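Novice: One file is attached below, my_file_38.txt, containing compact mmCIF, N, CA and C atoms.
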# COMPACT_ATOMS: atom_id res chain seq x y z
N MET A 1 0.81 -1.19 0.00
CA MET A 1 0.00 0.00 0.00
C MET A 1 0.87 1.26 0.00
N THR A 2 2.00 1.22 0.71
CA THR A 2 2.85 2.41 0.76
C THR A 2 3.43 2.72 -0.61
N THR A 3 3.63 3.99 -0.88
CA THR A 3 4.28 4.38 -2.14
C THR A 3 5.75 4.71 -1.88
N LEU A 4 6.17 4.70 -0.63
CA LEU A 4 7.57 4.95 -0.31
C LEU A 4 8.42 3.78 -0.79
N GLN A 5 9.62 4.09 -1.26
CA GLN A 5 10.51 3.03 -1.72
C GLN A 5 11.95 3.38 -1.41
N ALA A 6 12.82 2.41 -1.63
CA ALA A 6 14.25 2.62 -1.39
C ALA A 6 14.71 3.86 -2.12
N GLY A 7 15.49 4.68 -1.42
CA GLY A 7 16.00 5.92 -2.00
C GLY A 7 15.23 7.15 -1.58
N ASN A 8 13.95 6.97 -1.18
CA ASN A 8 13.15 8.10 -0.69
C ASN A 8 13.65 8.54 0.68
N ARG A 9 13.49 9.83 0.98
CA ARG A 9 13.76 10.31 2.33
C ARG A 9 12.65 9.78 3.24
N ALA A 10 13.03 9.27 4.39
CA ALA A 10 12.04 8.77 5.35
C ALA A 10 11.27 9.96 5.93
N PRO A 11 9.95 9.87 5.99
CA PRO A 11 9.17 10.95 6.60
C PRO A 11 9.58 11.15 8.06
N ASP A 12 9.72 12.41 8.45
CA ASP A 12 10.05 12.72 9.83
C ASP A 12 8.86 12.37 10.72
N PHE A 13 9.12 12.06 11.95
CA PHE A 13 8.03 11.75 12.88
C PHE A 13 8.48 12.05 14.30
N THR A 14 7.51 12.26 15.15
CA THR A 14 7.71 12.31 16.60
C THR A 14 6.56 11.51 17.18
N GLY A 15 6.88 10.62 18.10
CA GLY A 15 5.84 9.79 18.68
C GLY A 15 6.06 9.52 20.16
N THR A 16 5.00 9.11 20.82
CA THR A 16 5.03 8.79 22.25
C THR A 16 5.33 7.31 22.45
N LEU A 17 6.32 7.05 23.28
CA LEU A 17 6.72 5.67 23.58
C LEU A 17 5.90 5.08 24.74
N GLN A 18 6.13 3.80 24.99
CA GLN A 18 5.40 3.07 26.03
C GLN A 18 5.56 3.68 27.41
N ASP A 19 6.65 4.38 27.66
CA ASP A 19 6.87 4.97 28.99
C ASP A 19 6.43 6.43 29.07
N GLY A 20 5.80 6.94 28.00
CA GLY A 20 5.31 8.31 27.99
C GLY A 20 6.31 9.32 27.44
N SER A 21 7.57 8.90 27.24
CA SER A 21 8.56 9.79 26.65
C SER A 21 8.32 9.87 25.14
N THR A 22 9.03 10.78 24.47
CA THR A 22 8.86 10.89 23.02
C THR A 22 10.16 10.53 22.31
N THR A 23 10.01 10.17 21.05
CA THR A 23 11.16 9.90 20.20
C THR A 23 10.84 10.43 18.81
N SER A 24 11.87 10.65 18.03
CA SER A 24 11.67 11.13 16.66
C SER A 24 12.70 10.49 15.74
N LEU A 25 12.50 10.64 14.47
CA LEU A 25 13.45 10.10 13.49
C LEU A 25 14.85 10.67 13.74
N ALA A 26 14.92 11.94 14.12
CA ALA A 26 16.21 12.59 14.37
C ALA A 26 17.01 11.89 15.47
N ASP A 27 16.33 11.23 16.41
CA ASP A 27 17.02 10.51 17.48
C ASP A 27 17.85 9.34 16.94
N TYR A 28 17.59 8.93 15.72
CA TYR A 28 18.27 7.77 15.14
C TYR A 28 19.29 8.15 14.07
N THR A 29 19.55 9.44 13.91
CA THR A 29 20.55 9.89 12.94
C THR A 29 21.88 9.22 13.27
N GLY A 30 22.52 8.68 12.25
CA GLY A 30 23.80 8.01 12.44
C GLY A 30 23.67 6.52 12.72
N ARG A 31 22.44 6.03 12.84
CA ARG A 31 22.19 4.59 13.05
C ARG A 31 21.21 4.09 12.00
N ARG A 32 21.32 2.83 11.66
CA ARG A 32 20.33 2.22 10.77
C ARG A 32 19.12 1.86 11.62
N LEU A 33 17.95 2.29 11.18
CA LEU A 33 16.73 2.08 11.95
C LEU A 33 15.80 1.11 11.25
N VAL A 34 15.36 0.10 11.98
CA VAL A 34 14.29 -0.78 11.52
C VAL A 34 13.02 -0.23 12.14
N LEU A 35 12.18 0.38 11.31
CA LEU A 35 10.91 0.95 11.75
C LEU A 35 9.82 0.00 11.28
N PHE A 36 9.23 -0.74 12.23
CA PHE A 36 8.24 -1.74 11.83
C PHE A 36 6.85 -1.35 12.33
N PHE A 37 5.92 -1.41 11.40
CA PHE A 37 4.51 -1.08 11.67
C PHE A 37 3.73 -2.37 11.77
N TYR A 38 2.88 -2.47 12.79
CA TYR A 38 2.10 -3.68 13.00
C TYR A 38 0.72 -3.31 13.54
N PRO A 39 -0.27 -4.18 13.31
CA PRO A 39 -1.65 -3.83 13.67
C PRO A 39 -1.99 -3.74 15.16
N LYS A 40 -1.54 -4.73 15.99
CA LYS A 40 -2.09 -4.76 17.35
C LYS A 40 -1.21 -5.58 18.28
N ASP A 41 -0.97 -5.05 19.46
CA ASP A 41 -0.21 -5.77 20.48
C ASP A 41 -0.91 -7.06 20.88
N ASP A 42 -0.08 -8.06 21.19
CA ASP A 42 -0.55 -9.31 21.79
C ASP A 42 -1.55 -10.08 20.93
N THR A 43 -1.39 -10.02 19.61
CA THR A 43 -2.16 -10.86 18.69
C THR A 43 -1.16 -11.85 18.08
N PRO A 44 -1.62 -12.98 17.57
CA PRO A 44 -0.68 -14.01 17.13
C PRO A 44 0.40 -13.55 16.14
N GLY A 45 0.02 -12.91 15.05
CA GLY A 45 1.01 -12.49 14.05
C GLY A 45 1.95 -11.41 14.56
N CYS A 46 1.39 -10.44 15.25
CA CYS A 46 2.19 -9.33 15.77
C CYS A 46 3.15 -9.81 16.86
N THR A 47 2.69 -10.73 17.69
CA THR A 47 3.55 -11.29 18.73
C THR A 47 4.68 -12.09 18.10
N ALA A 48 4.36 -12.90 17.10
CA ALA A 48 5.39 -13.70 16.43
C ALA A 48 6.47 -12.80 15.81
N ALA A 49 6.05 -11.73 15.15
CA ALA A 49 7.01 -10.82 14.51
C ALA A 49 7.88 -10.13 15.56
N ALA A 50 7.26 -9.63 16.62
CA ALA A 50 8.01 -8.93 17.67
C ALA A 50 8.97 -9.89 18.38
N CYS A 51 8.53 -11.12 18.62
CA CYS A 51 9.39 -12.09 19.30
C CYS A 51 10.54 -12.55 18.40
N SER A 52 10.33 -12.59 17.10
CA SER A 52 11.42 -12.89 16.17
C SER A 52 12.51 -11.83 16.30
N LEU A 53 12.10 -10.57 16.37
CA LEU A 53 13.07 -9.48 16.53
C LEU A 53 13.73 -9.56 17.91
N ARG A 54 12.95 -9.89 18.92
CA ARG A 54 13.50 -10.04 20.28
C ARG A 54 14.56 -11.13 20.32
N ASP A 55 14.25 -12.26 19.69
CA ASP A 55 15.16 -13.41 19.74
C ASP A 55 16.48 -13.15 19.02
N GLU A 56 16.47 -12.27 18.04
CA GLU A 56 17.70 -11.94 17.30
C GLU A 56 18.17 -10.51 17.59
N PHE A 57 17.69 -9.95 18.69
CA PHE A 57 18.00 -8.56 19.01
C PHE A 57 19.50 -8.28 19.03
N HIS A 58 20.26 -9.13 19.71
CA HIS A 58 21.70 -8.88 19.83
C HIS A 58 22.40 -8.99 18.48
N THR A 59 21.97 -9.92 17.65
CA THR A 59 22.54 -10.05 16.30
C THR A 59 22.19 -8.82 15.47
N LEU A 60 20.95 -8.39 15.53
CA LEU A 60 20.53 -7.20 14.78
C LEU A 60 21.30 -5.97 15.25
N LYS A 61 21.46 -5.85 16.56
CA LYS A 61 22.21 -4.73 17.13
C LYS A 61 23.66 -4.76 16.66
N LYS A 62 24.25 -5.96 16.67
CA LYS A 62 25.63 -6.14 16.22
C LYS A 62 25.80 -5.75 14.75
N GLU A 63 24.73 -5.96 13.96
CA GLU A 63 24.74 -5.60 12.55
C GLU A 63 24.47 -4.11 12.34
N GLY A 64 24.25 -3.38 13.45
CA GLY A 64 24.09 -1.93 13.37
C GLY A 64 22.67 -1.43 13.32
N PHE A 65 21.71 -2.31 13.58
CA PHE A 65 20.30 -1.90 13.53
C PHE A 65 19.81 -1.43 14.89
N ALA A 66 19.02 -0.36 14.89
CA ALA A 66 18.20 0.04 16.04
C ALA A 66 16.77 -0.36 15.65
N LEU A 67 15.97 -0.78 16.61
CA LEU A 67 14.61 -1.25 16.33
C LEU A 67 13.59 -0.33 16.98
N LEU A 68 12.50 -0.08 16.25
CA LEU A 68 11.41 0.76 16.77
C LEU A 68 10.11 0.29 16.15
N GLY A 69 9.16 -0.11 17.00
CA GLY A 69 7.86 -0.57 16.53
C GLY A 69 6.81 0.52 16.63
N VAL A 70 5.80 0.44 15.74
CA VAL A 70 4.72 1.43 15.74
C VAL A 70 3.39 0.70 15.53
N SER A 71 2.42 0.98 16.39
CA SER A 71 1.06 0.50 16.21
C SER A 71 0.10 1.53 16.80
N PRO A 72 -1.20 1.37 16.54
CA PRO A 72 -2.16 2.33 17.09
C PRO A 72 -2.51 2.10 18.56
N ASP A 73 -1.90 1.10 19.20
CA ASP A 73 -2.19 0.83 20.60
C ASP A 73 -1.67 1.94 21.52
N SER A 74 -2.21 2.01 22.72
CA SER A 74 -1.85 3.04 23.70
C SER A 74 -0.48 2.73 24.33
N PRO A 75 0.14 3.74 24.94
CA PRO A 75 1.40 3.49 25.65
C PRO A 75 1.25 2.40 26.72
N LYS A 76 0.14 2.43 27.44
CA LYS A 76 -0.09 1.44 28.51
C LYS A 76 -0.15 0.02 27.93
N LYS A 77 -0.83 -0.14 26.81
CA LYS A 77 -0.92 -1.45 26.16
C LYS A 77 0.46 -1.90 25.67
N HIS A 78 1.22 -0.96 25.13
CA HIS A 78 2.59 -1.28 24.68
C HIS A 78 3.43 -1.76 25.86
N GLN A 79 3.32 -1.09 27.00
CA GLN A 79 4.12 -1.46 28.17
C GLN A 79 3.79 -2.89 28.60
N LYS A 80 2.52 -3.23 28.60
CA LYS A 80 2.11 -4.59 28.97
C LYS A 80 2.66 -5.62 27.97
N PHE A 81 2.62 -5.29 26.69
CA PHE A 81 3.13 -6.16 25.63
C PHE A 81 4.64 -6.39 25.81
N ILE A 82 5.36 -5.32 26.08
CA ILE A 82 6.81 -5.40 26.30
C ILE A 82 7.12 -6.28 27.51
N GLU A 83 6.40 -6.06 28.60
CA GLU A 83 6.64 -6.83 29.82
C GLU A 83 6.27 -8.30 29.65
N LYS A 84 5.16 -8.58 29.00
CA LYS A 84 4.69 -9.96 28.84
C LYS A 84 5.68 -10.79 28.03
N TYR A 85 6.28 -10.19 26.98
CA TYR A 85 7.14 -10.96 26.07
C TYR A 85 8.62 -10.59 26.19
N GLY A 86 8.99 -9.73 27.12
CA GLY A 86 10.39 -9.37 27.30
C GLY A 86 10.98 -8.70 26.07
N LEU A 87 10.21 -7.80 25.47
CA LEU A 87 10.67 -7.14 24.25
C LEU A 87 11.71 -6.07 24.60
N PRO A 88 12.84 -6.06 23.90
CA PRO A 88 13.91 -5.11 24.21
C PRO A 88 13.82 -3.79 23.44
N MET A 89 12.86 -3.69 22.52
CA MET A 89 12.78 -2.48 21.68
C MET A 89 11.62 -1.60 22.10
N PRO A 90 11.77 -0.28 21.91
CA PRO A 90 10.68 0.64 22.24
C PRO A 90 9.55 0.55 21.21
N LEU A 91 8.37 0.94 21.65
CA LEU A 91 7.18 0.91 20.80
C LEU A 91 6.49 2.27 20.86
N ILE A 92 6.16 2.79 19.68
CA ILE A 92 5.45 4.07 19.59
C ILE A 92 3.95 3.82 19.56
N ALA A 93 3.22 4.60 20.35
CA ALA A 93 1.76 4.58 20.36
C ALA A 93 1.28 5.64 19.36
N ASP A 94 0.89 5.20 18.16
CA ASP A 94 0.44 6.13 17.12
C ASP A 94 -1.08 6.12 17.07
N GLU A 95 -1.67 6.59 18.16
CA GLU A 95 -3.13 6.51 18.31
C GLU A 95 -3.89 7.36 17.31
N ASP A 96 -3.28 8.42 16.81
CA ASP A 96 -3.97 9.26 15.81
C ASP A 96 -3.58 8.87 14.37
N HIS A 97 -2.76 7.85 14.24
CA HIS A 97 -2.35 7.28 12.94
C HIS A 97 -1.48 8.22 12.10
N SER A 98 -0.99 9.30 12.67
CA SER A 98 -0.25 10.29 11.87
C SER A 98 1.06 9.73 11.30
N ILE A 99 1.77 8.92 12.08
CA ILE A 99 3.02 8.33 11.57
C ILE A 99 2.70 7.28 10.53
N MET A 100 1.69 6.46 10.80
CA MET A 100 1.28 5.42 9.85
C MET A 100 0.82 6.05 8.53
N GLU A 101 0.12 7.14 8.61
CA GLU A 101 -0.33 7.82 7.39
C GLU A 101 0.85 8.40 6.62
N ALA A 102 1.82 8.98 7.34
CA ALA A 102 3.01 9.55 6.69
C ALA A 102 3.80 8.49 5.93
N TYR A 103 3.79 7.27 6.46
CA TYR A 103 4.53 6.17 5.83
C TYR A 103 3.64 5.35 4.87
N GLY A 104 2.37 5.74 4.77
CA GLY A 104 1.47 5.09 3.82
C GLY A 104 1.07 3.68 4.19
N VAL A 105 1.03 3.39 5.50
CA VAL A 105 0.68 2.03 5.94
C VAL A 105 -0.67 1.96 6.64
N TRP A 106 -1.39 3.08 6.70
CA TRP A 106 -2.74 3.10 7.28
C TRP A 106 -3.73 3.27 6.15
N GLY A 107 -4.71 2.36 6.07
CA GLY A 107 -5.70 2.51 5.01
C GLY A 107 -6.63 1.32 4.95
N PRO A 108 -7.40 1.25 3.85
CA PRO A 108 -8.42 0.22 3.72
C PRO A 108 -7.84 -1.20 3.71
N LYS A 109 -8.52 -2.07 4.43
CA LYS A 109 -8.17 -3.49 4.49
C LYS A 109 -9.46 -4.29 4.37
N LYS A 110 -9.31 -5.56 4.02
CA LYS A 110 -10.44 -6.47 3.97
C LYS A 110 -10.12 -7.69 4.81
N PHE A 111 -11.10 -8.11 5.59
CA PHE A 111 -10.95 -9.34 6.36
C PHE A 111 -12.32 -10.00 6.45
N MET A 112 -12.39 -11.22 5.97
CA MET A 112 -13.63 -12.01 5.98
C MET A 112 -14.79 -11.22 5.38
N GLY A 113 -14.53 -10.56 4.26
CA GLY A 113 -15.56 -9.84 3.54
C GLY A 113 -15.90 -8.46 4.09
N ARG A 114 -15.27 -8.09 5.19
CA ARG A 114 -15.54 -6.79 5.82
C ARG A 114 -14.41 -5.82 5.48
N GLU A 115 -14.77 -4.60 5.13
CA GLU A 115 -13.77 -3.57 4.85
C GLU A 115 -13.67 -2.63 6.04
N TYR A 116 -12.44 -2.22 6.35
CA TYR A 116 -12.19 -1.31 7.47
C TYR A 116 -10.83 -0.67 7.25
N ASP A 117 -10.54 0.40 7.98
CA ASP A 117 -9.22 1.00 7.94
C ASP A 117 -8.34 0.37 9.01
N GLY A 118 -7.10 0.11 8.66
CA GLY A 118 -6.17 -0.50 9.60
C GLY A 118 -4.74 -0.37 9.13
N VAL A 119 -3.86 -1.02 9.87
CA VAL A 119 -2.42 -0.97 9.59
C VAL A 119 -2.04 -2.09 8.64
N HIS A 120 -1.31 -1.74 7.60
CA HIS A 120 -0.73 -2.73 6.69
C HIS A 120 0.66 -3.03 7.24
N ARG A 121 0.86 -4.26 7.69
CA ARG A 121 2.14 -4.66 8.30
C ARG A 121 3.27 -4.40 7.30
N THR A 122 4.17 -3.50 7.67
CA THR A 122 5.25 -3.08 6.78
C THR A 122 6.46 -2.71 7.62
N THR A 123 7.64 -3.04 7.12
CA THR A 123 8.89 -2.69 7.79
C THR A 123 9.76 -1.86 6.87
N PHE A 124 10.31 -0.79 7.41
CA PHE A 124 11.22 0.09 6.68
C PHE A 124 12.59 0.01 7.32
N VAL A 125 13.62 -0.12 6.51
CA VAL A 125 14.98 0.00 6.98
C VAL A 125 15.45 1.37 6.51
N ILE A 126 15.83 2.21 7.47
CA ILE A 126 16.23 3.59 7.19
C ILE A 126 17.72 3.71 7.46
N ASP A 127 18.45 4.26 6.49
CA ASP A 127 19.91 4.33 6.63
C ASP A 127 20.34 5.42 7.61
N THR A 128 21.63 5.53 7.82
CA THR A 128 22.19 6.45 8.81
C THR A 128 21.90 7.92 8.51
N GLY A 129 21.58 8.22 7.25
CA GLY A 129 21.29 9.59 6.86
C GLY A 129 19.82 9.91 6.71
N GLY A 130 18.95 8.96 7.05
CA GLY A 130 17.51 9.22 7.00
C GLY A 130 16.83 8.86 5.69
N LYS A 131 17.53 8.10 4.84
CA LYS A 131 16.89 7.64 3.59
C LYS A 131 16.45 6.19 3.75
N ILE A 132 15.36 5.87 3.06
CA ILE A 132 14.86 4.51 3.10
C ILE A 132 15.78 3.62 2.28
N GLU A 133 16.26 2.59 2.95
CA GLU A 133 17.18 1.63 2.34
C GLU A 133 16.41 0.45 1.77
N ARG A 134 15.34 0.08 2.46
CA ARG A 134 14.57 -1.11 2.08
C ARG A 134 13.16 -1.03 2.64
N VAL A 135 12.19 -1.58 1.90
CA VAL A 135 10.80 -1.65 2.36
C VAL A 135 10.38 -3.11 2.27
N ILE A 136 9.90 -3.65 3.36
CA ILE A 136 9.39 -5.03 3.38
C ILE A 136 7.87 -4.96 3.56
N THR A 137 7.14 -5.28 2.50
CA THR A 137 5.68 -5.24 2.57
C THR A 137 5.09 -6.61 2.86
N LYS A 138 5.85 -7.64 2.62
CA LYS A 138 5.40 -9.00 2.93
C LYS A 138 6.24 -9.52 4.09
N VAL A 139 5.89 -9.07 5.28
CA VAL A 139 6.63 -9.44 6.48
C VAL A 139 6.33 -10.89 6.84
N ASN A 140 7.39 -11.68 7.01
CA ASN A 140 7.26 -13.05 7.48
C ASN A 140 7.26 -12.97 9.00
N THR A 141 6.09 -13.06 9.60
CA THR A 141 5.98 -12.83 11.04
C THR A 141 6.82 -13.82 11.85
N LYS A 142 6.98 -15.04 11.38
CA LYS A 142 7.74 -16.03 12.14
C LYS A 142 9.25 -15.83 11.98
N ASP A 143 9.68 -15.13 10.92
CA ASP A 143 11.11 -14.92 10.69
C ASP A 143 11.39 -13.48 10.26
N HIS A 144 10.81 -12.55 10.99
CA HIS A 144 10.99 -11.14 10.69
C HIS A 144 12.47 -10.75 10.75
N ALA A 145 13.17 -11.21 11.78
CA ALA A 145 14.59 -10.90 11.92
C ALA A 145 15.39 -11.49 10.77
N GLY A 146 15.05 -12.71 10.36
CA GLY A 146 15.75 -13.36 9.25
C GLY A 146 15.63 -12.56 7.96
N GLN A 147 14.46 -11.95 7.73
CA GLN A 147 14.28 -11.11 6.54
C GLN A 147 15.24 -9.93 6.58
N LEU A 148 15.44 -9.37 7.74
CA LEU A 148 16.34 -8.21 7.86
C LEU A 148 17.79 -8.61 7.71
N LEU A 149 18.15 -9.74 8.28
CA LEU A 149 19.54 -10.19 8.24
C LEU A 149 19.93 -10.76 6.89
N ALA A 150 18.97 -11.18 6.09
CA ALA A 150 19.24 -11.80 4.78
C ALA A 150 19.74 -10.80 3.74
N ALA A 151 19.44 -9.54 3.93
CA ALA A 151 19.78 -8.55 2.90
C ALA A 151 21.19 -8.01 3.08
Kindly return the structure encoded in the file as structure tokens.
Specialist:
Amino acid sequence: MTTLQAGNRAPDFTGTLQDGSTTSLADYTGRRLVLFFYPKDDTPGCTAAACSLRDEFHTLKKEGFALLGVSPDSPKKHQKFIEKYGLPMPLIADEDHSIMEAYGVWGPKKFMGREYDGVHRTTFVIDTGGKIERVITKVNTKDHAGQLLAA
């Protein structure tokens, strides 16, 4: 769904994290950022994807990646998700969908014949200078980390 592609400048953002603090794209200048968008905390696919990143966190970090998740859930829900699964990465609560809209991952979806607006699971790898290096639109939830390490 997103029209962003490798070579585009990553849209700037500022968002609220699970602990109530804020973060922005500028906080990651000089580091490669894996910015992953997902629909909902503590659901089977989203949990599998987050746990894949958790399980390979040290390898991803060693490869120079910083990780940051984004969903429409509240900071409180994110905190519970992090605690329940021991997630080492921060999560942005994009309750107004502004970051998701900037990245083109919020929009119409279909499920069991019903149409609704929601998050299209998408991962962006952003280089040290703020340009999009890679876009993964078909996230393998069971091997999300493997997709990142394979490139």
Novice: Here is a test: counting all atoms listed in the file, which residue of A:Glu83, A:His120, A:Ala150, A:Ser74 is nearest to Gln18 of chain A?
Specialist: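 Checking each of A:Glu83, A:His120, A:Ala150, A:Ser74 against Gln18 of chain A, counting all atoms listed in the file, the winner is A:Ser74.
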Novice: Neighbours of His144 of chain A within 10 Å (only C-alpha atoms; same-chain residues fewer than 2 positions away dropped), as JSON, numbers by chain?
Specialist: {"A": [36, 48, 49, 50, 51, 52, 53, 54, 56, 123, 136, 138, 139, 140, 141, 142, 146, 147, 148, 149]}
Novice: Given the choices A:Ala6, A:Met112, A:Leu17, A:Ala151, which gets closest to Lys76 of chain A if the distance is worked out from only N, CA and C atoms?
Specialist: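 Comparing A:Ala6, A:Met112, A:Leu17, A:Ala151 against Lys76 of chain A, the winner is A:Leu17.
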Novice: So which residues touch Val34 of chain A within 8 Å, counting all atoms listed in the file, skipping near sequence neighbours fewer than 4 positions away, as number ranges by chain?
Specialist: A: 64-69, 123-127
Novice: Out of A:Ile99, A:Leu35, A:Leu4, A:Ala10, which residue has the shortest atom-to-atom distance to Ile132 of chain A when counting all atoms listed in the file?
Specialist: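 Closest to Ile132 of chain A, using all atoms listed in the file: A:Ala10.
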Novice: Suppose you want the space between atom N of Lys84 of chain A and atom N of Pro11 of chain A; what is it in Å?
Specialist: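 Between atom N of Lys84 of chain A and atom N of Pro11 of chain A the gap works out to 29.9 Å.
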Novice: Considering only helix (DSSP H, G or I) as DSSP defines it on the backbone, what residues of segment 18-70 of chain A qualify? List them as a short mmCIF file (atom, residue, chain, number, x, y, z; two decimals) with N, CA and C atoms, in the coordinates of the input.
Specialist:
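Saved to part_34.cif:
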data_model
loop_
_atom_site.label_atom_id
_atom_site.label_comp_id
_atom_site.auth_asym_id
_atom_site.auth_seq_id
_atom_site.Cartn_x
_atom_site.Cartn_y
_atom_site.Cartn_z
N LEU A 25 12.50 10.64 14.47
CA LEU A 25 13.45 10.10 13.49
C LEU A 25 14.85 10.67 13.74
N ALA A 26 14.92 11.94 14.12
CA ALA A 26 16.21 12.59 14.37
C ALA A 26 17.01 11.89 15.47
N ASP A 27 16.33 11.23 16.41
CA ASP A 27 17.02 10.51 17.48
C ASP A 27 17.85 9.34 16.94
N TYR A 28 17.59 8.93 15.72
CA TYR A 28 18.27 7.77 15.14
C TYR A 28 19.29 8.15 14.07
N PRO A 44 -1.62 -12.98 17.57
CA PRO A 44 -0.68 -14.01 17.13
C PRO A 44 0.40 -13.55 16.14
N GLY A 45 0.02 -12.91 15.05
CA GLY A 45 1.01 -12.49 14.05
C GLY A 45 1.95 -11.41 14.56
N CYS A 46 1.39 -10.44 15.25
CA CYS A 46 2.19 -9.33 15.77
C CYS A 46 3.15 -9.81 16.86
N THR A 47 2.69 -10.73 17.69
CA THR A 47 3.55 -11.29 18.73
C THR A 47 4.68 -12.09 18.10
N ALA A 48 4.36 -12.90 17.10
CA ALA A 48 5.39 -13.70 16.43
C ALA A 48 6.47 -12.80 15.81
N ALA A 49 6.05 -11.73 15.15
CA ALA A 49 7.01 -10.82 14.51
C ALA A 49 7.88 -10.13 15.56
N ALA A 50 7.26 -9.63 16.62
CA ALA A 50 8.01 -8.93 17.67
C ALA A 50 8.97 -9.89 18.38
N CYS A 51 8.53 -11.12 18.62
CA CYS A 51 9.39 -12.09 19.30
C CYS A 51 10.54 -12.55 18.40
N SER A 52 10.33 -12.59 17.10
CA SER A 52 11.42 -12.89 16.17
C SER A 52 12.51 -11.83 16.30
N LEU A 53 12.10 -10.57 16.37
CA LEU A 53 13.07 -9.48 16.53
C LEU A 53 13.73 -9.56 17.91
N ARG A 54 12.95 -9.89 18.92
CA ARG A 54 13.50 -10.04 20.28
C ARG A 54 14.56 -11.13 20.32
N ASP A 55 14.25 -12.26 19.69
CA ASP A 55 15.16 -13.41 19.74
C ASP A 55 16.48 -13.15 19.02
N PHE A 57 17.69 -9.95 18.69
CA PHE A 57 18.00 -8.56 19.01
C PHE A 57 19.50 -8.28 19.03
N HIS A 58 20.26 -9.13 19.71
CA HIS A 58 21.70 -8.88 19.83
C HIS A 58 22.40 -8.99 18.48
N THR A 59 21.97 -9.92 17.65
CA THR A 59 22.54 -10.05 16.30
C THR A 59 22.19 -8.82 15.47
N LEU A 60 20.95 -8.39 15.53
CA LEU A 60 20.53 -7.20 14.78
C LEU A 60 21.30 -5.97 15.25
N LYS A 61 21.46 -5.85 16.56
CA LYS A 61 22.21 -4.73 17.13
C LYS A 61 23.66 -4.76 16.66
N LYS A 62 24.25 -5.96 16.67
CA LYS A 62 25.63 -6.14 16.22
C LYS A 62 25.80 -5.75 14.75
#
Novice: What separation in Å, quoted to one decimal, exists between atom CA of Asp12 of chain A and atom CA of Met100 of chain A?
Specialist: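 So the answer is 11.4 Å.
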Novice: For atom CA of Tyr38 of chain A and atom N of Thr122 of chain A, quote the distance in Å rounded to one decimal.
Specialist: 5.7 Å
